[in-house]
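A.B. asks: Coordinates in run_24.tsv, TSV, C-alpha atoms and all ligand atoms, are listed below.
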```tsv
chain	number	residue	atom	x	y	z
A	1	MET	CA	58.59	-27.75	18.43
A	2	LEU	CA	55.59	-25.43	18.57
A	3	VAL	CA	54.39	-24.54	15.06
A	4	ASN	CA	51.21	-22.69	14.24
A	5	PRO	CA	50.62	-22.48	10.48
A	6	PHE	CA	48.77	-19.20	11.08
A	7	ASP	CA	50.77	-16.17	12.24
A	8	LEU	CA	48.73	-13.02	11.76
A	9	HIS	CA	50.87	-10.35	13.44
A	10	CYS	CA	54.47	-9.37	12.70
A	11	HIS	CA	56.68	-6.46	11.65
A	12	SER	CA	59.23	-5.63	8.97
A	13	TRP	CA	61.74	-2.77	8.71
A	14	PHE	CA	58.97	-0.60	7.23
A	15	SER	CA	57.98	-0.07	10.88
A	16	ASP	CA	59.99	-1.31	13.89
A	17	GLY	CA	61.02	-4.76	12.71
A	18	THR	CA	64.64	-5.32	11.66
A	19	LEU	CA	64.09	-7.62	8.67
A	20	ALA	CA	63.03	-6.74	5.14
A	21	PRO	CA	59.52	-7.95	4.24
A	22	SER	CA	61.07	-10.63	1.99
A	23	GLU	CA	63.23	-11.86	4.91
A	24	VAL	CA	60.19	-11.97	7.22
A	25	VAL	CA	58.28	-14.09	4.69
A	26	ASN	CA	61.24	-16.42	4.07
A	27	ARG	CA	61.80	-16.89	7.79
A	28	ALA	CA	58.10	-17.58	8.37
A	29	ALA	CA	58.09	-20.16	5.57
A	30	GLU	CA	61.19	-21.85	7.03
A	31	ASN	CA	59.48	-21.98	10.41
A	32	GLY	CA	56.45	-23.78	8.96
A	33	VAL	CA	54.04	-20.84	8.72
A	34	GLU	CA	51.60	-21.29	5.84
A	35	CYS	CA	49.45	-18.19	6.30
A	36	LEU	CA	51.23	-15.01	7.40
A	37	ALA	CA	49.91	-11.48	7.93
A	38	LEU	CA	52.46	-8.65	7.78
A	39	THR	CA	51.09	-5.96	10.12
A	40	ASP	CA	53.50	-3.04	10.28
A	41	HIS	CA	52.65	-0.14	12.58
A	42	ASP	CA	50.68	2.49	10.64
A	43	SER	CA	52.15	1.48	7.28
A	44	THR	CA	51.37	-0.68	4.28
A	45	ALA	CA	54.70	0.07	2.59
A	46	GLY	CA	56.11	-3.45	3.03
A	47	LEU	CA	53.12	-5.35	1.68
A	48	GLU	CA	54.01	-5.38	-1.99
A	49	GLU	CA	57.43	-6.92	-1.37
A	50	ALA	CA	55.93	-9.41	1.10
A	51	LEU	CA	53.23	-10.44	-1.38
A	52	HIS	CA	55.85	-10.95	-4.08
A	53	THR	CA	58.04	-13.19	-1.89
A	54	ALA	CA	55.03	-15.11	-0.54
A	55	HIS	CA	53.97	-15.87	-4.10
A	56	GLN	CA	57.43	-17.27	-4.88
A	57	LYS	CA	57.49	-19.33	-1.66
A	58	ASN	CA	53.94	-20.55	-2.16
A	59	ILE	CA	52.75	-19.31	1.22
A	60	ARG	CA	49.66	-17.21	1.78
A	61	LEU	CA	50.32	-13.56	2.69
A	62	ILE	CA	47.46	-11.65	4.26
A	63	PRO	CA	47.86	-7.87	3.82
A	64	GLY	CA	47.60	-6.26	7.25
A	65	ILE	CA	48.35	-3.21	9.36
A	66	GLU	CA	48.56	-2.39	13.09
A	67	LEU	CA	46.94	1.00	13.65
A	68	SER	CA	47.76	3.21	16.64
A	69	VAL	CA	44.66	4.41	18.50
A	70	SER	CA	44.04	6.71	21.47
A	71	TRP	CA	41.01	5.55	23.42
A	72	ARG	CA	38.98	7.76	25.74
A	73	ASN	CA	41.28	9.13	28.47
A	74	GLY	CA	44.33	8.55	26.29
A	75	THR	CA	45.02	4.83	26.58
A	76	THR	CA	47.00	3.74	23.52
A	77	LEU	CA	45.52	0.72	21.79
A	78	HIS	CA	46.68	-1.23	18.76
A	79	ILE	CA	44.03	-2.32	16.28
A	80	LEU	CA	44.96	-4.84	13.59
A	81	GLY	CA	43.39	-4.58	10.16
A	82	LEU	CA	43.59	-7.98	8.49
A	83	ASN	CA	42.98	-8.86	4.84
A	84	ILE	CA	42.86	-5.21	3.86
A	85	GLN	CA	42.77	-3.69	0.38
A	86	LYS	CA	45.88	-1.66	1.05
A	87	ASP	CA	45.41	1.10	-1.55
A	88	THR	CA	41.98	2.17	-0.30
A	89	PRO	CA	41.98	6.01	-0.04
A	90	GLU	CA	40.34	6.09	3.44
A	91	LEU	CA	43.09	3.83	4.77
A	92	GLN	CA	45.91	5.77	3.11
A	93	HIS	CA	44.38	8.96	4.51
A	94	VAL	CA	44.68	7.80	8.13
A	95	ILE	CA	48.19	6.48	7.40
A	96	GLU	CA	49.21	9.99	6.26
A	97	LYS	CA	47.68	11.44	9.41
A	98	LEU	CA	49.57	8.97	11.62
A	99	LYS	CA	52.83	9.70	9.81
A	100	ASN	CA	52.48	13.34	10.81
A	101	VAL	CA	51.65	12.46	14.40
A	102	ARG	CA	54.74	10.23	14.51
A	103	LEU	CA	56.98	12.90	13.00
A	104	HIS	CA	55.92	15.48	15.58
A	105	ARG	CA	56.20	13.03	18.44
A	106	ALA	CA	59.68	11.91	17.35
A	107	HIS	CA	60.88	15.53	17.36
A	108	ALA	CA	59.35	16.04	20.80
A	109	MET	CA	60.99	12.83	22.09
A	110	ALA	CA	64.42	13.87	20.81
A	111	HIS	CA	63.94	17.26	22.42
A	112	ASP	CA	62.87	15.76	25.74
A	113	LEU	CA	65.89	13.43	25.83
A	114	LYS	CA	68.14	16.52	25.73
A	115	ARG	CA	67.14	17.31	29.30
A	116	VAL	CA	68.93	14.13	30.44
A	117	GLY	CA	72.01	14.94	28.40
A	118	ILE	CA	71.19	12.95	25.26
A	119	HIS	CA	71.66	15.47	22.48
A	120	ASP	CA	71.83	13.35	19.34
A	121	ALA	CA	68.69	11.20	19.70
A	122	TRP	CA	67.09	12.48	16.50
A	123	GLU	CA	70.06	11.48	14.34
A	124	GLY	CA	70.52	8.30	16.40
A	125	ALA	CA	66.94	7.11	15.95
A	126	LEU	CA	67.03	7.97	12.24
A	127	ARG	CA	70.15	5.85	11.84
A	128	GLN	CA	68.21	2.87	13.19
A	129	ALA	CA	65.35	3.32	10.73
A	130	LYS	CA	65.25	1.81	7.24
A	131	ALA	CA	62.02	3.76	6.61
A	132	PRO	CA	62.82	7.23	8.03
A	133	GLU	CA	59.26	8.49	7.50
A	134	LEU	CA	58.05	6.20	10.25
A	135	LEU	CA	59.94	6.54	13.53
A	136	THR	CA	58.78	4.47	16.49
A	137	ARG	CA	59.84	4.32	20.11
A	138	THR	CA	61.69	1.11	19.19
A	139	HIS	CA	64.10	3.10	16.99
A	140	PHE	CA	64.86	5.40	19.91
A	141	ALA	CA	65.18	2.36	22.18
A	142	ARG	CA	67.71	0.70	19.85
A	143	PHE	CA	69.71	3.92	19.71
A	144	LEU	CA	69.71	4.16	23.54
A	145	VAL	CA	71.02	0.58	23.79
A	146	GLU	CA	73.67	1.31	21.14
A	147	ARG	CA	74.95	4.34	23.06
A	148	GLY	CA	75.05	2.33	26.30
A	149	SER	CA	72.20	4.07	28.14
A	150	ALA	CA	70.62	0.67	28.88
A	151	PRO	CA	71.69	-2.96	28.37
A	152	SER	CA	68.60	-4.14	26.47
A	153	ILE	CA	65.47	-2.89	24.74
A	154	SER	CA	63.24	-4.00	27.59
A	155	LYS	CA	65.50	-2.25	30.15
A	156	VAL	CA	65.29	0.97	28.12
A	157	TYR	CA	61.58	1.17	28.91
A	158	LYS	CA	62.31	1.10	32.67
A	159	HIS	CA	64.29	4.32	32.48
A	160	TYR	CA	63.25	6.00	29.24
A	161	LEU	CA	60.39	6.30	26.76
A	162	ALA	CA	57.65	4.95	29.07
A	163	GLN	CA	55.02	7.18	30.67
A	164	GLY	CA	56.64	9.54	33.17
A	165	LYS	CA	60.19	8.85	31.91
A	166	PRO	CA	62.50	11.00	29.77
A	167	GLY	CA	61.66	10.70	26.11
A	168	PHE	CA	57.99	9.85	26.68
A	169	CYS	CA	55.71	12.18	24.77
A	170	LYS	CA	52.00	11.70	24.70
A	171	SER	CA	50.41	11.68	21.30
A	172	GLU	CA	46.92	11.74	19.86
A	173	TRP	CA	46.61	8.78	17.53
A	174	LEU	CA	43.41	7.82	15.69
A	175	SER	CA	40.13	7.48	17.53
A	176	LEU	CA	38.74	3.94	17.77
A	177	GLU	CA	35.99	5.01	15.34
A	178	GLU	CA	38.49	6.33	12.77
A	179	SER	CA	40.56	3.16	12.91
A	180	LEU	CA	37.57	0.87	12.39
A	181	SER	CA	36.12	3.03	9.60
A	182	ALA	CA	39.44	2.94	7.74
A	183	ILE	CA	39.83	-0.84	8.17
A	184	HIS	CA	36.25	-1.48	7.11
A	185	ALA	CA	36.53	0.90	4.14
A	186	ALA	CA	39.52	-1.24	3.11
A	187	GLN	CA	37.30	-4.34	3.46
A	188	GLY	CA	39.46	-5.70	6.27
A	189	LEU	CA	38.61	-7.29	9.59
A	190	ALA	CA	39.39	-5.32	12.76
A	191	VAL	CA	41.06	-7.17	15.63
A	192	ILE	CA	42.19	-5.82	19.02
A	193	ALA	CA	45.91	-6.63	19.17
A	194	HIS	CA	47.37	-8.18	22.37
A	195	PRO	CA	44.32	-7.18	24.48
A	196	GLY	CA	45.99	-8.36	27.70
A	197	ARG	CA	48.74	-5.78	27.40
A	198	TYR	CA	46.67	-2.70	28.14
A	199	SER	CA	46.47	-1.59	31.74
A	200	LEU	CA	42.69	-1.46	31.94
A	201	SER	CA	40.48	-2.50	34.84
A	202	ASN	CA	37.94	-5.26	34.13
A	203	GLY	CA	35.23	-2.60	33.89
A	204	ALA	CA	37.20	-0.49	31.41
A	205	MET	CA	38.00	-3.60	29.34
A	206	GLN	CA	34.28	-4.44	29.20
A	207	ARG	CA	33.54	-0.87	28.03
A	208	LEU	CA	36.22	-1.17	25.37
A	209	LEU	CA	34.82	-4.49	24.14
A	210	ASP	CA	31.29	-3.01	24.11
A	211	SER	CA	32.42	-0.01	22.03
A	212	PHE	CA	34.51	-2.19	19.72
A	213	LYS	CA	31.53	-4.50	19.14
A	214	ALA	CA	29.18	-1.56	18.54
A	215	LEU	CA	31.58	-0.18	15.91
A	216	GLY	CA	31.59	-3.51	14.06
A	217	GLY	CA	34.94	-4.80	15.38
A	218	GLN	CA	35.32	-8.47	14.51
A	219	GLY	CA	38.01	-10.12	16.55
A	220	LEU	CA	40.36	-10.40	19.52
A	221	GLU	CA	43.96	-11.54	19.32
A	222	VAL	CA	43.51	-14.33	21.86
A	223	VAL	CA	46.87	-16.00	21.22
A	224	THR	CA	49.89	-13.70	21.27
A	225	SER	CA	53.44	-14.04	22.56
A	226	ASN	CA	52.77	-11.79	25.54
A	227	HIS	CA	49.60	-13.33	27.01
A	228	THR	CA	49.69	-15.44	30.16
A	229	PRO	CA	47.53	-18.62	30.13
A	230	ASP	CA	44.98	-16.76	32.33
A	231	GLN	CA	44.77	-13.90	29.83
A	232	THR	CA	44.33	-16.34	26.92
A	233	GLN	CA	41.48	-17.96	28.84
A	234	TYR	CA	39.89	-14.61	29.76
A	235	PHE	CA	39.87	-13.37	26.15
A	236	THR	CA	38.60	-16.77	24.94
A	237	GLN	CA	35.60	-16.23	27.24
A	238	GLN	CA	35.15	-12.68	25.91
A	239	CYS	CA	35.06	-14.04	22.33
A	240	PHE	CA	32.25	-16.37	23.37
A	241	SER	CA	30.26	-13.75	25.25
A	242	PHE	CA	30.61	-10.96	22.66
A	243	GLY	CA	30.51	-13.17	19.57
A	244	PHE	CA	34.01	-12.14	18.46
A	245	ARG	CA	36.25	-14.18	16.21
A	246	ALA	CA	39.74	-15.08	17.42
A	247	SER	CA	43.18	-14.39	15.99
A	248	CYS	CA	46.73	-15.52	16.74
A	249	GLY	CA	50.06	-13.86	16.07
A	250	SER	CA	53.64	-13.79	17.32
A	251	ASP	CA	54.16	-9.98	17.10
A	252	PHE	CA	57.65	-10.85	15.86
A	253	HIS	CA	59.98	-7.86	15.37
A	254	CYS	CA	63.58	-9.08	15.33
A	255	PRO	CA	65.49	-12.38	15.67
A	256	LYS	CA	67.62	-10.98	18.51
A	257	GLU	CA	64.99	-9.01	20.41
A	258	SER	CA	61.77	-10.98	20.04
A	259	ARG	CA	61.15	-13.67	22.62
A	260	ILE	CA	58.98	-15.63	20.22
A	261	ASP	CA	59.87	-16.42	16.62
A	262	LEU	CA	57.46	-16.42	13.68
A	263	GLY	CA	54.93	-19.24	13.96
A	264	ARG	CA	56.11	-20.34	17.43
A	265	ILE	CA	52.73	-19.73	19.05
A	266	HIS	CA	49.97	-21.98	20.34
A	267	GLY	CA	46.90	-22.77	18.26
A	268	LEU	CA	43.57	-21.19	19.09
A	269	PRO	CA	41.68	-22.71	22.03
A	270	VAL	CA	39.00	-25.19	20.97
A	271	GLY	CA	35.56	-23.85	20.05
A	272	LEU	CA	36.60	-20.37	18.94
A	273	THR	CA	35.72	-19.14	15.46
A	274	PRO	CA	38.98	-18.20	13.77
A	275	ILE	CA	39.25	-14.76	12.18
A	276	TRP	CA	40.07	-16.53	8.89
A	277	ALA	CA	36.80	-18.55	8.89
A	278	ASP	CA	35.55	-16.81	5.73
A	279	TRP	CA	38.89	-16.53	3.94
A	280	ASP	CA	39.75	-18.74	1.07
A	281	VAL	CA	42.77	-20.41	2.70
A	282	THR	CA	43.76	-23.95	1.92
A	283	LEU	CA	46.80	-25.07	3.86
A	284	GLY	CA	49.15	-28.00	3.52
A	285	GLN	CA	49.56	-27.80	-0.25
B	1	LIG	P1	55.30	3.45	19.34
B	1	LIG	O1	54.12	2.93	18.54
B	1	LIG	O2	56.24	4.25	18.50
B	1	LIG	O3	54.91	4.10	20.63
B	1	LIG	O4	56.16	2.17	19.71
B	1	LIG	C1	55.57	1.10	20.31
B	1	LIG	C2	56.45	-0.10	20.11
B	1	LIG	O5	57.49	-0.09	21.06
B	1	LIG	C3	55.69	-1.40	20.36
B	1	LIG	O6	55.05	-1.85	19.19
B	1	LIG	C4	56.78	-2.33	20.78
B	1	LIG	O7	57.40	-2.88	19.64
B	1	LIG	C5	57.77	-1.41	21.49
B	1	LIG	N1	57.62	-1.43	22.95
B	1	LIG	C6	56.77	-0.71	23.71
B	1	LIG	N2	56.93	-0.97	25.03
B	1	LIG	C7	57.92	-1.91	25.10
B	1	LIG	C8	58.56	-2.59	26.16
B	1	LIG	N3	58.23	-2.39	27.43
B	1	LIG	N4	59.54	-3.48	25.84
B	1	LIG	C9	59.90	-3.70	24.56
B	1	LIG	N5	59.33	-3.08	23.51
B	1	LIG	C10	58.36	-2.20	23.77
B	2	MN	MN	56.34	-2.63	17.60
B	3	MN	MN	51.27	-3.69	19.28
B	4	MN	MN	52.84	-5.46	16.74
```
Re-express the file's structure as structure tokens.
Ligand code: AMP
Ligand code: MN
Ligand code: MN
Ligand code: MN

C.D. replies:
Amino acid sequence: MLVNPFDLHCHSWFSDGTLAPSEVVNRAAENGVECLALTDHDSTAGLEEALHTAHQKNIRLIPGIELSVSWRNGTTLHILGLNIQKDTPELQHVIEKLKNVRLHRAHAMAHDLKRVGIHDAWEGALRQAKAPELLTRTHFARFLVERGSAPSISKVYKHYLAQGKPGFCKSEWLSLEESLSAIHAAQGLAVIAHPGRYSLSNGAMQRLLDSFKALGGQGLEVVTSNHTPDQTQYFTQQCFSFGFRASCGSDFHCPKESRIDLGRIHGLPVGLTPIWADWDVTLGQ
């Protein structure tokens, strides 16, 4: 069975995961993870509970976050902040800003879904959320599955919530600069999450990596549950050519929905410098 002791990307019910932070940590420990980063979307609310459980279970919990970013012409990117000091005012300031963006977008999404006859999406999405101040598309997606509009979460995105479909509402997240400043103010390392998932041409990807490097970005998530072997190889090469460190994470959200469980990811390709190279982590104790 595939076990990577490092899993540096996952979600709890403080964003769009379905498990409590304590349940995420317990599950990771049972799966053989020894160093886990909890990286909820735009929130640090689950970190205290996760740190508490990790201490009891004797596993290392890295405080993290996955920030939503709008890049240039409006491409949404996800930037991980790893090993952050979560209470840093600059970080909490951008979290407040993102909460507002999410609130407005969620209202707009519920309104847009009315035009296809779905009138109770606001209440429906709220029902799915344990942390009602942070609504994501996933909460709307779960509601749409529950009401029978689509058979699965992934099918929802074919007919709803994706660009050009009912319920999709464009939003202005942080700029790349703002996200990196906040992560660096919090003494964290900035990592581009699942870089293979963005629909960018090779040229645009090179421009993104140039900008990210120039802003002091440190790493690429080379190993993630949604990369093909070719993408893993491509981003390994980019780490070498740009001098980035490499990270690995399952992006686990939910036992029923996620294809890949906590820790069930490959190790980093040989020769890469891991993002945790300077952390004080001793495993196997
Ligand atoms: P949001 O940040 O609110 O726009 O929500 C984005 C989240 O929706 C992602 O983090 C994923 O968890 C989920 N998501 C987006 N697209 C898909 C998809 N095609 N299939 C399944 N989940 C998706
Ligand atoms: Mn998510
Ligand atoms: Mn993401
Ligand atoms: Mn994620």

A.B. asks: May I have the residues within 7 Å of ligand LIG 1 (chain B), computed using only C-alpha atoms and all ligand atoms, as number ranges by chain?

C.D. replies: A: 16, 41, 68, 135-138, 153-154, 157

A.B. asks: Using all atoms listed in the file, find each protein or nucleic acid residue lying at most 10 Å from ligand MN 3 (chain B); present the set as a tab-separated table (two decimals) with C-alpha atoms, in the coordinates of the input.

C.D. replies:
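The file below, part35.tsv, is the result:
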```
chain	number	residue	atom	x	y	z
A	9	HIS	CA	50.87	-10.35	13.44
A	10	CYS	CA	54.47	-9.37	12.70
A	11	HIS	CA	56.68	-6.46	11.65
A	39	THR	CA	51.09	-5.96	10.12
A	40	ASP	CA	53.50	-3.04	10.28
A	41	HIS	CA	52.65	-0.14	12.58
A	66	GLU	CA	48.56	-2.39	13.09
A	67	LEU	CA	46.94	1.00	13.65
A	68	SER	CA	47.76	3.21	16.64
A	76	THR	CA	47.00	3.74	23.52
A	77	LEU	CA	45.52	0.72	21.79
A	78	HIS	CA	46.68	-1.23	18.76
A	79	ILE	CA	44.03	-2.32	16.28
A	80	LEU	CA	44.96	-4.84	13.59
A	192	ILE	CA	42.19	-5.82	19.02
A	193	ALA	CA	45.91	-6.63	19.17
A	194	HIS	CA	47.37	-8.18	22.37
A	195	PRO	CA	44.32	-7.18	24.48
A	197	ARG	CA	48.74	-5.78	27.40
A	251	ASP	CA	54.16	-9.98	17.10
```

A.B. asks: Which polymer residues have any atom within 10 Å of an atom of Arg105 in chain A, counting only C-alpha atoms, with same-chain residues fewer than 4 positions away left out, as a ChimeraX atom specification?

C.D. replies: /A:99-101,109-111,135-137,167-172

A.B. asks: Take CA of His184 in chain A and CA of Gln206 in chain A and report the distance between them in Å, one decimal.

C.D. replies: 22.4 Å

A.B. asks: Restricting the calculation to only C-alpha atoms, which member of A:Gly81, A:Glu257, A:Phe252, A:Ala106 is positioned closest to Leu180 in chain A?

C.D. replies: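 For Leu180 in chain A, the nearest of the given residues is A:Gly81.
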
A.B. asks: So which one's closest to ligand MN 4 (chain B), A:Gln187, A:Asn4, A:Thr224, A:Ser152? Using all atoms listed in the file, please.

C.D. replies: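 The shortest atom-to-atom distance to ligand MN 4 (chain B) comes from A:Thr224.
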
A.B. asks: Out of A:Leu126, A:Ala141, A:Ala50, A:Val3, which residue has the shortest atom-to-atom distance to Glu30 in chain A when counting only C-alpha atoms?

C.D. replies: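 That would be A:Val3, the residue with the smallest distance to Glu30 in chain A.
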
A.B. asks: Mind checking which residues fall within 10 Å of Arg72 in chain A, counting all atoms listed in the file, ignoring those fewer than 3 positions away in the same chain, and posting them as a list in words?

C.D. replies: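 After dropping sequence-adjacent residues, the list is Val69, Thr75, Thr76, Ser175, Leu176 and Leu208 of chain A.
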
A.B. asks: Restricting the calculation to only C-alpha atoms and all ligand atoms: of A:Leu134, A:Leu283, A:Leu82, A:Ile95, which residue gets closest to ligand MN 2 (chain B)?

C.D. replies: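 That would be A:Leu134, the residue with the smallest distance to ligand MN 2 (chain B).
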
A.B. asks: I want to know what sits within 10 Å of Cys248 in chain A, based on only C-alpha atoms, with residues of the same chain fewer than 4 positions away left out; could you give that as a list of chain:residue names?

C.D. replies: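 Counting only the stated atoms, we get A:Asn4, A:Phe6, A:Asp7, A:Leu8, A:His9, A:Ala193, A:His194, A:Leu220, A:Glu221, A:Val222, A:Val223, A:Thr224, A:Ser225, A:Gly263, A:Ile265, A:His266, A:Gly267, A:Leu268, A:Pro274, A:Ile275.
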
A.B. asks: Which polymer residues have any atom within 7 Å of an atom of Phe140 in chain A, counting only C-alpha atoms, with same-chain residues fewer than 3 positions away left out, as an NGL selection string?

C.D. replies: :A and (121 or 125 or 137 or 143-144)

A.B. asks: Calculate how many Å separate CA of Pro269 in chain A from CA of Ala28 in chain A, rounding to one decimal.

C.D. replies: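 Pair CA of Pro269 in chain A / CA of Ala28 in chain A returns 22.0 Å.
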
A.B. asks: At what distance in Å, to one decimal, does CA of Ala182 in chain A lie from CA of His104 in chain A?

C.D. replies: 22.1 Å

A.B. asks: My list of candidates is A:Pro166, A:Pro132, A:Gly249, A:Gly188. Which is closest to ligand MN 4 (chain B) when distances are computed with all atoms listed in the file?

C.D. replies: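 Nearest to ligand MN 4 (chain B): A:Gly249.
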
A.B. asks: I'd like to know which of A:Gly243, A:Gly64, A:Gly271, A:Pro89 is closest to ligand MN 4 (chain B), using only C-alpha atoms and all ligand atoms.

C.D. replies: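 Comparing A:Gly243, A:Gly64, A:Gly271, A:Pro89 against ligand MN 4 (chain B), the winner is A:Gly64.
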